[in-house]
>>> print(open('protein-v1.cif').read())   # mmCIF, C-alpha atoms
data_coords
loop_
_atom_site.group_PDB
_atom_site.id
_atom_site.type_symbol
_atom_site.label_atom_id
_atom_site.label_comp_id
_atom_site.auth_asym_id
_atom_site.auth_seq_id
_atom_site.Cartn_x
_atom_site.Cartn_y
_atom_site.Cartn_z
ATOM 1 C CA ALA A 1 0.000 0.000 0.000
ATOM 2 C CA GLN A 2 1.074 3.524 -0.671
ATOM 3 C CA SER A 3 1.104 6.161 2.048
ATOM 4 C CA VAL A 4 2.387 9.619 2.802
ATOM 5 C CA ALA A 5 3.155 11.186 6.163
ATOM 6 C CA GLN A 6 3.415 14.885 6.806
ATOM 7 C CA PRO A 7 4.437 14.900 10.464
ATOM 8 C CA GLU A 8 3.823 18.591 11.139
ATOM 9 C CA ASP A 9 0.343 20.054 11.075
ATOM 10 C CA GLN A 10 1.830 23.541 11.036
ATOM 11 C CA VAL A 11 5.192 25.136 10.374
ATOM 12 C CA ASN A 12 5.952 28.673 11.497
ATOM 13 C CA VAL A 13 8.808 30.656 10.015
ATOM 14 C CA ALA A 14 9.819 34.304 9.863
ATOM 15 C CA GLU A 15 9.982 36.044 6.521
ATOM 16 C CA GLY A 16 13.449 35.815 5.023
ATOM 17 C CA ASN A 17 14.337 32.621 6.877
ATOM 18 C CA PRO A 18 14.670 29.248 5.172
ATOM 19 C CA LEU A 19 11.712 26.900 5.385
ATOM 20 C CA THR A 20 11.309 23.134 5.304
ATOM 21 C CA VAL A 21 8.060 21.191 5.092
ATOM 22 C CA LYS A 22 8.587 17.506 5.750
ATOM 23 C CA CYS A 23 7.222 14.506 3.857
ATOM 24 C CA THR A 24 7.977 10.820 4.120
ATOM 25 C CA TYR A 25 6.429 8.144 1.948
ATOM 26 C CA SER A 26 5.920 4.434 1.639
ATOM 27 C CA VAL A 27 5.527 2.655 -1.695
ATOM 28 C CA SER A 28 6.548 -0.599 -3.262
ATOM 29 C CA GLY A 29 9.201 0.188 -5.824
ATOM 30 C CA ASN A 30 10.181 3.571 -7.187
ATOM 31 C CA PRO A 31 7.894 6.530 -6.551
ATOM 32 C CA TYR A 32 6.371 9.454 -8.328
ATOM 33 C CA LEU A 33 6.417 12.292 -5.756
ATOM 34 C CA PHE A 34 4.593 15.592 -5.868
ATOM 35 C CA TRP A 35 4.079 18.764 -3.892
ATOM 36 C CA TYR A 36 0.938 20.860 -4.218
ATOM 37 C CA VAL A 37 -0.020 24.140 -2.566
ATOM 38 C CA GLN A 38 -3.500 25.307 -1.623
ATOM 39 C CA TYR A 39 -4.253 28.968 -0.996
ATOM 40 C CA PRO A 40 -7.466 29.941 0.827
ATOM 41 C CA ASN A 41 -10.586 29.361 -1.259
ATOM 42 C CA ARG A 42 -8.517 28.007 -4.122
ATOM 43 C CA GLY A 43 -7.813 24.642 -5.665
ATOM 44 C CA LEU A 44 -4.536 22.795 -5.356
ATOM 45 C CA GLN A 45 -1.727 24.090 -7.506
ATOM 46 C CA PHE A 46 1.197 22.017 -8.707
ATOM 47 C CA LEU A 47 4.596 23.013 -7.289
ATOM 48 C CA LEU A 48 7.008 20.304 -8.388
ATOM 49 C CA LYS A 49 7.440 16.600 -8.996
ATOM 50 C CA TYR A 50 10.062 13.884 -8.915
ATOM 51 C CA ILE A 51 9.954 10.898 -11.245
ATOM 52 C CA THR A 52 13.554 9.969 -11.986
ATOM 53 C CA GLY A 53 16.886 11.709 -12.344
ATOM 54 C CA ASP A 54 18.415 14.414 -10.193
ATOM 55 C CA ASN A 55 17.439 14.073 -6.546
ATOM 56 C CA LEU A 56 17.067 17.851 -6.189
ATOM 57 C CA VAL A 57 13.968 19.062 -7.961
ATOM 58 C CA LYS A 58 13.262 22.742 -8.560
ATOM 59 C CA GLY A 59 9.717 23.991 -8.890
ATOM 60 C CA SER A 60 7.481 27.024 -8.948
ATOM 61 C CA TYR A 61 7.836 30.138 -6.755
ATOM 62 C CA GLY A 62 11.415 29.311 -5.744
ATOM 63 C CA PHE A 63 10.557 26.027 -4.041
ATOM 64 C CA GLU A 64 12.668 22.911 -4.303
ATOM 65 C CA ALA A 65 12.524 19.410 -2.888
ATOM 66 C CA GLU A 66 15.103 16.741 -2.288
ATOM 67 C CA PHE A 67 14.361 13.089 -2.933
ATOM 68 C CA ASN A 68 16.131 10.844 -0.429
ATOM 69 C CA LYS A 69 15.584 7.195 -1.224
ATOM 70 C CA SER A 70 17.321 5.787 1.845
ATOM 71 C CA GLN A 71 15.204 7.924 4.174
ATOM 72 C CA THR A 72 12.087 7.682 1.954
ATOM 73 C CA SER A 73 11.686 11.429 2.241
ATOM 74 C CA PHE A 74 10.795 14.277 -0.093
ATOM 75 C CA HIS A 75 11.049 17.454 1.979
ATOM 76 C CA LEU A 76 9.984 20.766 0.485
ATOM 77 C CA LYS A 77 12.386 23.668 0.936
ATOM 78 C CA LYS A 78 12.813 27.320 0.149
ATOM 79 C CA PRO A 79 15.906 29.385 0.989
ATOM 80 C CA SER A 80 14.023 32.553 1.933
ATOM 81 C CA ALA A 81 10.354 32.501 2.924
ATOM 82 C CA LEU A 82 7.825 35.143 1.899
ATOM 83 C CA VAL A 83 4.636 36.090 3.718
ATOM 84 C CA SER A 84 2.813 35.180 0.505
ATOM 85 C CA ASP A 85 4.053 31.571 0.886
ATOM 86 C CA SER A 86 1.585 31.113 3.745
ATOM 87 C CA ALA A 87 -0.715 28.321 2.588
ATOM 88 C CA LEU A 88 -1.557 24.639 2.986
ATOM 89 C CA TYR A 89 0.969 22.255 1.442
ATOM 90 C CA PHE A 90 0.295 18.683 0.382
ATOM 91 C CA CYS A 91 2.752 15.941 -0.469
ATOM 92 C CA ALA A 92 1.544 13.103 -2.722
ATOM 93 C CA VAL A 93 2.956 9.794 -3.956
ATOM 94 C CA ARG A 94 2.281 7.060 -6.473
ATOM 95 C CA ALA A 95 4.330 3.990 -7.201
ATOM 96 C CA LEU A 96 5.832 3.893 -10.692
ATOM 97 C CA ASN A 97 4.992 0.270 -11.251
ATOM 98 C CA THR A 98 1.334 0.420 -10.309
ATOM 99 C CA GLY A 99 -1.628 1.555 -12.306
ATOM 100 C CA PHE A 100 -2.642 5.170 -12.651
ATOM 101 C CA GLN A 101 -5.487 4.780 -10.197
ATOM 102 C CA LYS A 102 -4.559 7.582 -7.876
ATOM 103 C CA LEU A 103 -2.147 9.808 -6.106
ATOM 104 C CA VAL A 104 -2.119 9.287 -2.343
ATOM 105 C CA PHE A 105 -2.012 12.554 -0.422
ATOM 106 C CA GLY A 106 -0.740 13.445 3.003
ATOM 107 C CA THR A 107 -2.930 15.300 5.471
ATOM 108 C CA GLY A 108 -1.318 18.620 4.684
ATOM 109 C CA THR A 109 0.971 21.062 6.496
ATOM 110 C CA ARG A 110 -0.056 24.633 7.094
ATOM 111 C CA LEU A 111 2.819 27.054 6.569
ATOM 112 C CA LEU A 112 2.624 30.402 8.339
ATOM 113 C CA VAL A 113 5.227 32.998 7.434
ATOM 114 C CA SER A 114 5.303 35.968 9.774
ATOM 115 C CA PRO A 115 6.479 39.426 8.679
ATOM 116 C CA GLU B 1 -5.765 28.332 -20.843
ATOM 117 C CA ALA B 2 -5.455 24.729 -19.708
ATOM 118 C CA GLN B 3 -7.855 24.190 -16.865
ATOM 119 C CA VAL B 4 -10.314 22.045 -14.969
ATOM 120 C CA THR B 5 -13.640 23.765 -14.398
ATOM 121 C CA GLN B 6 -15.960 22.775 -11.595
ATOM 122 C CA ASN B 7 -19.434 24.088 -10.922
ATOM 123 C CA PRO B 8 -20.864 25.250 -8.658
ATOM 124 C CA ARG B 9 -18.222 26.686 -6.319
ATOM 125 C CA TYR B 10 -20.585 26.691 -3.359
ATOM 126 C CA LEU B 11 -23.720 24.646 -2.778
ATOM 127 C CA ILE B 12 -26.065 24.318 0.177
ATOM 128 C CA THR B 13 -28.682 21.621 -0.104
ATOM 129 C CA VAL B 14 -31.039 19.576 2.031
ATOM 130 C CA THR B 15 -30.749 15.926 2.929
ATOM 131 C CA GLY B 16 -32.041 13.640 0.200
ATOM 132 C CA LYS B 17 -32.203 16.140 -2.642
ATOM 133 C CA LYS B 18 -30.260 14.812 -5.618
ATOM 134 C CA LEU B 19 -27.475 17.020 -6.911
ATOM 135 C CA THR B 20 -24.767 17.000 -9.561
ATOM 136 C CA VAL B 21 -21.390 18.717 -9.462
ATOM 137 C CA THR B 22 -19.978 19.213 -12.929
ATOM 138 C CA CYS B 23 -16.344 18.911 -13.965
ATOM 139 C CA SER B 24 -14.872 19.669 -17.356
ATOM 140 C CA GLN B 25 -11.270 19.738 -18.611
ATOM 141 C CA ASN B 26 -9.873 21.177 -21.841
ATOM 142 C CA MET B 27 -6.536 19.345 -21.930
ATOM 143 C CA ASN B 28 -7.691 16.138 -23.625
ATOM 144 C CA HIS B 29 -6.649 14.191 -20.530
ATOM 145 C CA GLU B 30 -7.559 10.529 -20.368
ATOM 146 C CA TYR B 31 -7.622 10.360 -16.576
ATOM 147 C CA MET B 32 -10.085 12.174 -14.317
ATOM 148 C CA SER B 33 -10.816 11.786 -10.634
ATOM 149 C CA TRP B 34 -12.875 13.160 -7.758
ATOM 150 C CA TYR B 35 -11.503 13.776 -4.274
ATOM 151 C CA ARG B 36 -12.995 15.099 -1.102
ATOM 152 C CA GLN B 37 -11.006 17.157 1.396
ATOM 153 C CA ASP B 38 -11.828 17.035 5.088
ATOM 154 C CA PRO B 39 -9.872 18.584 7.987
ATOM 155 C CA GLY B 40 -7.282 16.198 9.383
ATOM 156 C CA LEU B 41 -7.941 13.621 6.678
ATOM 157 C CA GLY B 42 -6.308 15.247 3.673
ATOM 158 C CA LEU B 43 -7.655 14.338 0.256
ATOM 159 C CA ARG B 44 -9.434 11.035 -0.268
ATOM 160 C CA GLN B 45 -10.328 9.652 -3.657
ATOM 161 C CA ILE B 46 -14.000 9.038 -4.409
ATOM 162 C CA TYR B 47 -13.999 7.768 -8.007
ATOM 163 C CA TYR B 48 -11.715 7.848 -10.978
ATOM 164 C CA SER B 49 -11.902 7.269 -14.722
ATOM 165 C CA MET B 50 -9.167 6.075 -17.040
ATOM 166 C CA ASN B 51 -11.091 7.002 -20.193
ATOM 167 C CA VAL B 52 -14.565 7.317 -21.687
ATOM 168 C CA GLU B 53 -16.968 4.748 -20.210
ATOM 169 C CA VAL B 54 -14.253 3.452 -17.847
ATOM 170 C CA THR B 55 -14.823 4.345 -14.197
ATOM 171 C CA ASP B 56 -13.864 2.736 -10.907
ATOM 172 C CA LYS B 57 -14.230 3.251 -7.176
ATOM 173 C CA GLY B 58 -11.698 5.048 -5.078
ATOM 174 C CA ASP B 59 -11.347 4.868 -1.324
ATOM 175 C CA VAL B 60 -14.648 6.490 -0.295
ATOM 176 C CA PRO B 61 -17.234 5.820 -3.048
ATOM 177 C CA GLU B 62 -20.309 5.209 -0.872
ATOM 178 C CA GLY B 63 -23.119 7.635 -1.624
ATOM 179 C CA TYR B 64 -21.615 8.873 -4.887
ATOM 180 C CA LYS B 65 -21.964 8.088 -8.579
ATOM 181 C CA VAL B 66 -20.028 9.244 -11.608
ATOM 182 C CA SER B 67 -20.251 8.939 -15.366
ATOM 183 C CA ARG B 68 -17.788 9.478 -18.219
ATOM 184 C CA LYS B 69 -19.754 9.734 -21.448
ATOM 185 C CA GLU B 70 -17.400 12.281 -22.981
ATOM 186 C CA LYS B 71 -13.688 12.616 -22.513
ATOM 187 C CA ARG B 72 -13.838 16.173 -21.197
ATOM 188 C CA ASN B 73 -16.651 15.758 -18.631
ATOM 189 C CA PHE B 74 -16.774 13.816 -15.379
ATOM 190 C CA PRO B 75 -19.798 14.775 -13.248
ATOM 191 C CA LEU B 76 -20.169 13.731 -9.610
ATOM 192 C CA ILE B 77 -23.683 12.730 -8.616
ATOM 193 C CA LEU B 78 -25.074 12.535 -5.100
ATOM 194 C CA GLU B 79 -28.364 10.684 -5.415
ATOM 195 C CA SER B 80 -29.460 11.238 -1.811
ATOM 196 C CA PRO B 81 -27.052 13.571 -0.025
ATOM 197 C CA SER B 82 -26.525 13.248 3.707
ATOM 198 C CA PRO B 83 -24.858 15.612 6.209
ATOM 199 C CA ASN B 84 -21.704 13.444 6.314
ATOM 200 C CA GLN B 85 -21.142 14.377 2.678
ATOM 201 C CA THR B 86 -20.600 17.982 3.684
ATOM 202 C CA SER B 87 -17.086 18.575 2.400
ATOM 203 C CA LEU B 88 -14.834 20.343 -0.078
ATOM 204 C CA TYR B 89 -14.750 18.466 -3.375
ATOM 205 C CA PHE B 90 -12.063 18.591 -6.041
ATOM 206 C CA CYS B 91 -12.025 17.286 -9.565
ATOM 207 C CA ALA B 92 -8.646 16.507 -11.112
ATOM 208 C CA SER B 93 -7.378 15.375 -14.487
ATOM 209 C CA SER B 94 -4.090 14.046 -15.792
ATOM 210 C CA SER B 95 -2.395 12.785 -18.870
ATOM 211 C CA LEU B 96 -1.481 9.096 -18.692
ATOM 212 C CA ASP B 97 1.799 9.824 -20.424
ATOM 213 C CA ARG B 98 4.518 9.152 -17.860
ATOM 214 C CA LYS B 99 6.472 12.294 -18.663
ATOM 215 C CA ASN B 100 3.418 14.527 -18.313
ATOM 216 C CA TYR B 101 1.722 12.696 -15.467
ATOM 217 C CA GLY B 102 0.435 14.867 -12.645
ATOM 218 C CA TYR B 103 -2.917 16.208 -11.543
ATOM 219 C CA THR B 104 -4.468 19.490 -12.606
ATOM 220 C CA PHE B 105 -7.146 20.417 -10.086
ATOM 221 C CA GLY B 106 -10.345 22.375 -10.351
ATOM 222 C CA SER B 107 -11.043 25.243 -7.947
ATOM 223 C CA GLY B 108 -13.214 23.112 -5.717
ATOM 224 C CA THR B 109 -16.866 22.856 -4.707
ATOM 225 C CA ARG B 110 -17.801 23.490 -1.110
ATOM 226 C CA LEU B 111 -20.904 21.428 -0.387
ATOM 227 C CA THR B 112 -23.042 21.782 2.724
ATOM 228 C CA VAL B 113 -25.839 19.271 3.336
ATOM 229 C CA VAL B 114 -28.326 20.302 6.038
#
>>> encode(input="protein-v1.cif", output="C-alpha coordinates")
Amino acid sequence: AQSVAQPEDQVNVAEGNPLTVKCTYSVSGNPYLFWYVQYPNRGLQFLLKYITGDNLVKGSYGFEAEFNKSQTSFHLKKPSALVSDSALYFCAVRALNTGFQKLVFGTGTRLLVSP
Amino acid sequence: EAQVTQNPRYLITVTGKKLTVTCSQNMNHEYMSWYRQDPGLGLRQIYYSMNVEVTDKGDVPEGYKVSRKEKRNFPLILESPSPNQTSLYFCASSSLDRKNYGYTFGSGTRLTVV
(Lines of atoms letter the chains of each structure in order from A and count residues from 1; the text may use other names and numbers.)
(Lines give C-alpha, C1' and ligand atoms only; values in the text may rest on other atoms or scores of the structure.)
Protein backbone atom coordinates (compact mmCIF):
# COMPACT_ATOMS: atom_id res chain seq x y z
CA ALA A 1 0.00 0.00 0.00
CA GLN A 2 1.07 3.52 -0.67
CA SER A 3 1.10 6.16 2.05
CA VAL A 4 2.39 9.62 2.80
CA ALA A 5 3.15 11.19 6.16
CA GLN A 6 3.41 14.88 6.81
CA PRO A 7 4.44 14.90 10.46
CA GLU A 8 3.82 18.59 11.14
CA ASP A 9 0.34 20.05 11.08
CA GLN A 10 1.83 23.54 11.04
CA VAL A 11 5.19 25.14 10.37
CA ASN A 12 5.95 28.67 11.50
CA VAL A 13 8.81 30.66 10.01
CA ALA A 14 9.82 34.30 9.86
CA GLU A 15 9.98 36.04 6.52
CA GLY A 16 13.45 35.81 5.02
CA ASN A 17 14.34 32.62 6.88
CA PRO A 18 14.67 29.25 5.17
CA LEU A 19 11.71 26.90 5.38
CA THR A 20 11.31 23.13 5.30
CA VAL A 21 8.06 21.19 5.09
CA LYS A 22 8.59 17.51 5.75
CA CYS A 23 7.22 14.51 3.86
CA THR A 24 7.98 10.82 4.12
CA TYR A 25 6.43 8.14 1.95
CA SER A 26 5.92 4.43 1.64
CA VAL A 27 5.53 2.65 -1.70
CA SER A 28 6.55 -0.60 -3.26
CA GLY A 29 9.20 0.19 -5.82
CA ASN A 30 10.18 3.57 -7.19
CA PRO A 31 7.89 6.53 -6.55
CA TYR A 32 6.37 9.45 -8.33
CA LEU A 33 6.42 12.29 -5.76
CA PHE A 34 4.59 15.59 -5.87
CA TRP A 35 4.08 18.76 -3.89
CA TYR A 36 0.94 20.86 -4.22
CA VAL A 37 -0.02 24.14 -2.57
CA GLN A 38 -3.50 25.31 -1.62
CA TYR A 39 -4.25 28.97 -1.00
CA PRO A 40 -7.47 29.94 0.83
CA ASN A 41 -10.59 29.36 -1.26
CA ARG A 42 -8.52 28.01 -4.12
CA GLY A 43 -7.81 24.64 -5.67
CA LEU A 44 -4.54 22.79 -5.36
CA GLN A 45 -1.73 24.09 -7.51
CA PHE A 46 1.20 22.02 -8.71
CA LEU A 47 4.60 23.01 -7.29
CA LEU A 48 7.01 20.30 -8.39
CA LYS A 49 7.44 16.60 -9.00
CA TYR A 50 10.06 13.88 -8.92
CA ILE A 51 9.95 10.90 -11.25
CA THR A 52 13.55 9.97 -11.99
CA GLY A 53 16.89 11.71 -12.34
CA ASP A 54 18.41 14.41 -10.19
CA ASN A 55 17.44 14.07 -6.55
CA LEU A 56 17.07 17.85 -6.19
CA VAL A 57 13.97 19.06 -7.96
CA LYS A 58 13.26 22.74 -8.56
CA GLY A 59 9.72 23.99 -8.89
CA SER A 60 7.48 27.02 -8.95
CA TYR A 61 7.84 30.14 -6.76
CA GLY A 62 11.41 29.31 -5.74
CA PHE A 63 10.56 26.03 -4.04
CA GLU A 64 12.67 22.91 -4.30
CA ALA A 65 12.52 19.41 -2.89
CA GLU A 66 15.10 16.74 -2.29
CA PHE A 67 14.36 13.09 -2.93
CA ASN A 68 16.13 10.84 -0.43
CA LYS A 69 15.58 7.20 -1.22
CA SER A 70 17.32 5.79 1.84
CA GLN A 71 15.20 7.92 4.17
CA THR A 72 12.09 7.68 1.95
CA SER A 73 11.69 11.43 2.24
CA PHE A 74 10.80 14.28 -0.09
CA HIS A 75 11.05 17.45 1.98
CA LEU A 76 9.98 20.77 0.48
CA LYS A 77 12.39 23.67 0.94
CA LYS A 78 12.81 27.32 0.15
CA PRO A 79 15.91 29.39 0.99
CA SER A 80 14.02 32.55 1.93
CA ALA A 81 10.35 32.50 2.92
CA LEU A 82 7.82 35.14 1.90
CA VAL A 83 4.64 36.09 3.72
CA SER A 84 2.81 35.18 0.50
CA ASP A 85 4.05 31.57 0.89
CA SER A 86 1.58 31.11 3.74
CA ALA A 87 -0.72 28.32 2.59
CA LEU A 88 -1.56 24.64 2.99
CA TYR A 89 0.97 22.26 1.44
CA PHE A 90 0.30 18.68 0.38
CA CYS A 91 2.75 15.94 -0.47
CA ALA A 92 1.54 13.10 -2.72
CA VAL A 93 2.96 9.79 -3.96
CA ARG A 94 2.28 7.06 -6.47
CA ALA A 95 4.33 3.99 -7.20
CA LEU A 96 5.83 3.89 -10.69
CA ASN A 97 4.99 0.27 -11.25
CA THR A 98 1.33 0.42 -10.31
CA GLY A 99 -1.63 1.56 -12.31
CA PHE A 100 -2.64 5.17 -12.65
CA GLN A 101 -5.49 4.78 -10.20
CA LYS A 102 -4.56 7.58 -7.88
CA LEU A 103 -2.15 9.81 -6.11
CA VAL A 104 -2.12 9.29 -2.34
CA PHE A 105 -2.01 12.55 -0.42
CA GLY A 106 -0.74 13.44 3.00
CA THR A 107 -2.93 15.30 5.47
CA GLY A 108 -1.32 18.62 4.68
CA THR A 109 0.97 21.06 6.50
CA ARG A 110 -0.06 24.63 7.09
CA LEU A 111 2.82 27.05 6.57
CA LEU A 112 2.62 30.40 8.34
CA VAL A 113 5.23 33.00 7.43
CA SER A 114 5.30 35.97 9.77
CA PRO A 115 6.48 39.43 8.68
CA GLU B 1 -5.77 28.33 -20.84
CA ALA B 2 -5.46 24.73 -19.71
CA GLN B 3 -7.86 24.19 -16.86
CA VAL B 4 -10.31 22.04 -14.97
CA THR B 5 -13.64 23.77 -14.40
CA GLN B 6 -15.96 22.78 -11.60
CA ASN B 7 -19.43 24.09 -10.92
CA PRO B 8 -20.86 25.25 -8.66
CA ARG B 9 -18.22 26.69 -6.32
CA TYR B 10 -20.59 26.69 -3.36
CA LEU B 11 -23.72 24.65 -2.78
CA ILE B 12 -26.07 24.32 0.18
CA THR B 13 -28.68 21.62 -0.10
CA VAL B 14 -31.04 19.58 2.03
CA THR B 15 -30.75 15.93 2.93
CA GLY B 16 -32.04 13.64 0.20
CA LYS B 17 -32.20 16.14 -2.64
CA LYS B 18 -30.26 14.81 -5.62
CA LEU B 19 -27.48 17.02 -6.91
CA THR B 20 -24.77 17.00 -9.56
CA VAL B 21 -21.39 18.72 -9.46
CA THR B 22 -19.98 19.21 -12.93
CA CYS B 23 -16.34 18.91 -13.97
CA SER B 24 -14.87 19.67 -17.36
CA GLN B 25 -11.27 19.74 -18.61
CA ASN B 26 -9.87 21.18 -21.84
CA MET B 27 -6.54 19.34 -21.93
CA ASN B 28 -7.69 16.14 -23.63
CA HIS B 29 -6.65 14.19 -20.53
CA GLU B 30 -7.56 10.53 -20.37
CA TYR B 31 -7.62 10.36 -16.58
CA MET B 32 -10.09 12.17 -14.32
CA SER B 33 -10.82 11.79 -10.63
CA TRP B 34 -12.87 13.16 -7.76
CA TYR B 35 -11.50 13.78 -4.27
CA ARG B 36 -12.99 15.10 -1.10
CA GLN B 37 -11.01 17.16 1.40
CA ASP B 38 -11.83 17.04 5.09
CA PRO B 39 -9.87 18.58 7.99
CA GLY B 40 -7.28 16.20 9.38
CA LEU B 41 -7.94 13.62 6.68
CA GLY B 42 -6.31 15.25 3.67
CA LEU B 43 -7.65 14.34 0.26
CA ARG B 44 -9.43 11.04 -0.27
CA GLN B 45 -10.33 9.65 -3.66
CA ILE B 46 -14.00 9.04 -4.41
CA TYR B 47 -14.00 7.77 -8.01
CA TYR B 48 -11.71 7.85 -10.98
CA SER B 49 -11.90 7.27 -14.72
CA MET B 50 -9.17 6.08 -17.04
CA ASN B 51 -11.09 7.00 -20.19
CA VAL B 52 -14.56 7.32 -21.69
CA GLU B 53 -16.97 4.75 -20.21
CA VAL B 54 -14.25 3.45 -17.85
CA THR B 55 -14.82 4.34 -14.20
CA ASP B 56 -13.86 2.74 -10.91
CA LYS B 57 -14.23 3.25 -7.18
CA GLY B 58 -11.70 5.05 -5.08
CA ASP B 59 -11.35 4.87 -1.32
CA VAL B 60 -14.65 6.49 -0.30
CA PRO B 61 -17.23 5.82 -3.05
CA GLU B 62 -20.31 5.21 -0.87
CA GLY B 63 -23.12 7.63 -1.62
CA TYR B 64 -21.62 8.87 -4.89
CA LYS B 65 -21.96 8.09 -8.58
CA VAL B 66 -20.03 9.24 -11.61
CA SER B 67 -20.25 8.94 -15.37
CA ARG B 68 -17.79 9.48 -18.22
CA LYS B 69 -19.75 9.73 -21.45
CA GLU B 70 -17.40 12.28 -22.98
CA LYS B 71 -13.69 12.62 -22.51
CA ARG B 72 -13.84 16.17 -21.20
CA ASN B 73 -16.65 15.76 -18.63
CA PHE B 74 -16.77 13.82 -15.38
CA PRO B 75 -19.80 14.77 -13.25
CA LEU B 76 -20.17 13.73 -9.61
CA ILE B 77 -23.68 12.73 -8.62
CA LEU B 78 -25.07 12.54 -5.10
CA GLU B 79 -28.36 10.68 -5.41
CA SER B 80 -29.46 11.24 -1.81
CA PRO B 81 -27.05 13.57 -0.02
CA SER B 82 -26.53 13.25 3.71
CA PRO B 83 -24.86 15.61 6.21
CA ASN B 84 -21.70 13.44 6.31
CA GLN B 85 -21.14 14.38 2.68
CA THR B 86 -20.60 17.98 3.68
CA SER B 87 -17.09 18.57 2.40
CA LEU B 88 -14.83 20.34 -0.08
CA TYR B 89 -14.75 18.47 -3.37
CA PHE B 90 -12.06 18.59 -6.04
CA CYS B 91 -12.02 17.29 -9.57
CA ALA B 92 -8.65 16.51 -11.11
CA SER B 93 -7.38 15.37 -14.49
CA SER B 94 -4.09 14.05 -15.79
CA SER B 95 -2.39 12.78 -18.87
CA LEU B 96 -1.48 9.10 -18.69
CA ASP B 97 1.80 9.82 -20.42
CA ARG B 98 4.52 9.15 -17.86
CA LYS B 99 6.47 12.29 -18.66
CA ASN B 100 3.42 14.53 -18.31
CA TYR B 101 1.72 12.70 -15.47
CA GLY B 102 0.44 14.87 -12.65
CA TYR B 103 -2.92 16.21 -11.54
CA THR B 104 -4.47 19.49 -12.61
CA PHE B 105 -7.15 20.42 -10.09
CA GLY B 106 -10.34 22.38 -10.35
CA SER B 107 -11.04 25.24 -7.95
CA GLY B 108 -13.21 23.11 -5.72
CA THR B 109 -16.87 22.86 -4.71
CA ARG B 110 -17.80 23.49 -1.11
CA LEU B 111 -20.90 21.43 -0.39
CA THR B 112 -23.04 21.78 2.72
CA VAL B 113 -25.84 19.27 3.34
CA VAL B 114 -28.33 20.30 6.04
>>> atom_distance(input="protein-v1.cif", atom1="atom CA of Tyr36 of chain A", atom2="atom CA of Tyr47 of chain B")
20.2 Å
>>> residues_around(input="protein-v1.cif", residues="segment 56-64 of chain B", least_positions_apart="2", cutoff="8 Å", atoms="all atoms listed in the file", output="PyMOL selection string")
chain B and resi 44-49+54+66+76-81
>>> residues_around(input="protein-v1.cif", residues="Leu19 of chain A", least_positions_apart="3", cutoff="10 Å", atoms="all atoms listed in the file", output="PyMOL selection string")
chain A and resi 11-16+22+63+76-82+111+113
>>> closest_atom_pairs(input="protein-v1.cif", of="chain A", to="chain B", cutoff="6 Å", atoms="all atoms listed in the file", output="Markdown table")
| residue | atom | partner | partner_atom | distance |
| --- | --- | --- | --- | --- |
| A:Arg42 | CA | B:Ser107 | CA | 5.4 |
| A:Gly43 | CA | B:Ser107 | CA | 4.0 |
| A:Leu44 | CA | B:Phe105 | CA | 5.9 |
| A:Phe105 | CA | B:Leu43 | CA | 6.0 |
| A:Gly106 | CA | B:Gly42 | CA | 5.9 |
| A:Thr107 | CA | B:Gly42 | CA | 3.8 |
>>> resolve_selection(input="protein-v1.cif", expression="the PyMOL selection byres ((chain A and resi 57) around 12)", output="JSON, numbers by chain")
{"A": [33, 34, 35, 47, 48, 49, 50, 51, 52, 53, 54, 55, 56, 58, 59, 60, 62, 63, 64, 65, 66, 67, 68, 74, 75, 76, 77, 78]}
>>> decode(input="protein-v1.cif", residues="segment 24-36 of chain B", atoms="N, CA and C atoms", output="CSV table (one decimal), in the first residue's frame")
chain,number,residue,atom,x,y,z
B,24,SER,N,-15.3,19.7,-16.0
B,24,SER,CA,-14.9,19.7,-17.4
B,24,SER,C,-13.4,20.1,-17.5
B,25,GLN,N,-12.7,19.4,-18.4
B,25,GLN,CA,-11.3,19.7,-18.6
B,25,GLN,C,-11.0,19.9,-20.1
B,26,ASN,N,-10.1,20.8,-20.4
B,26,ASN,CA,-9.9,21.2,-21.8
B,26,ASN,C,-8.5,20.8,-22.3
B,27,MET,N,-7.9,19.8,-21.6
B,27,MET,CA,-6.5,19.3,-21.9
B,27,MET,C,-6.5,18.0,-22.6
B,28,ASN,N,-7.6,17.4,-23.0
B,28,ASN,CA,-7.7,16.1,-23.6
B,28,ASN,C,-7.1,15.0,-22.8
B,29,HIS,N,-7.2,15.2,-21.4
B,29,HIS,CA,-6.6,14.2,-20.5
B,29,HIS,C,-7.5,12.9,-20.5
B,30,GLU,N,-6.8,11.8,-20.5
B,30,GLU,CA,-7.6,10.5,-20.4
B,30,GLU,C,-8.1,10.3,-19.0
B,31,TYR,N,-7.3,10.7,-18.0
B,31,TYR,CA,-7.6,10.4,-16.6
B,31,TYR,C,-8.3,11.5,-15.9
B,32,MET,N,-9.4,11.2,-15.2
B,32,MET,CA,-10.1,12.2,-14.3
B,32,MET,C,-10.5,11.5,-13.0
B,33,SER,N,-10.6,12.3,-12.0
B,33,SER,CA,-10.8,11.8,-10.6
B,33,SER,C,-11.5,12.8,-9.8
B,34,TRP,N,-12.2,12.3,-8.8
B,34,TRP,CA,-12.9,13.2,-7.8
B,34,TRP,C,-12.3,12.8,-6.4
B,35,TYR,N,-12.0,13.9,-5.6
B,35,TYR,CA,-11.5,13.8,-4.3
B,35,TYR,C,-12.4,14.6,-3.4
B,36,ARG,N,-12.4,14.2,-2.1
B,36,ARG,CA,-13.0,15.1,-1.1
B,36,ARG,C,-11.9,15.4,-0.1
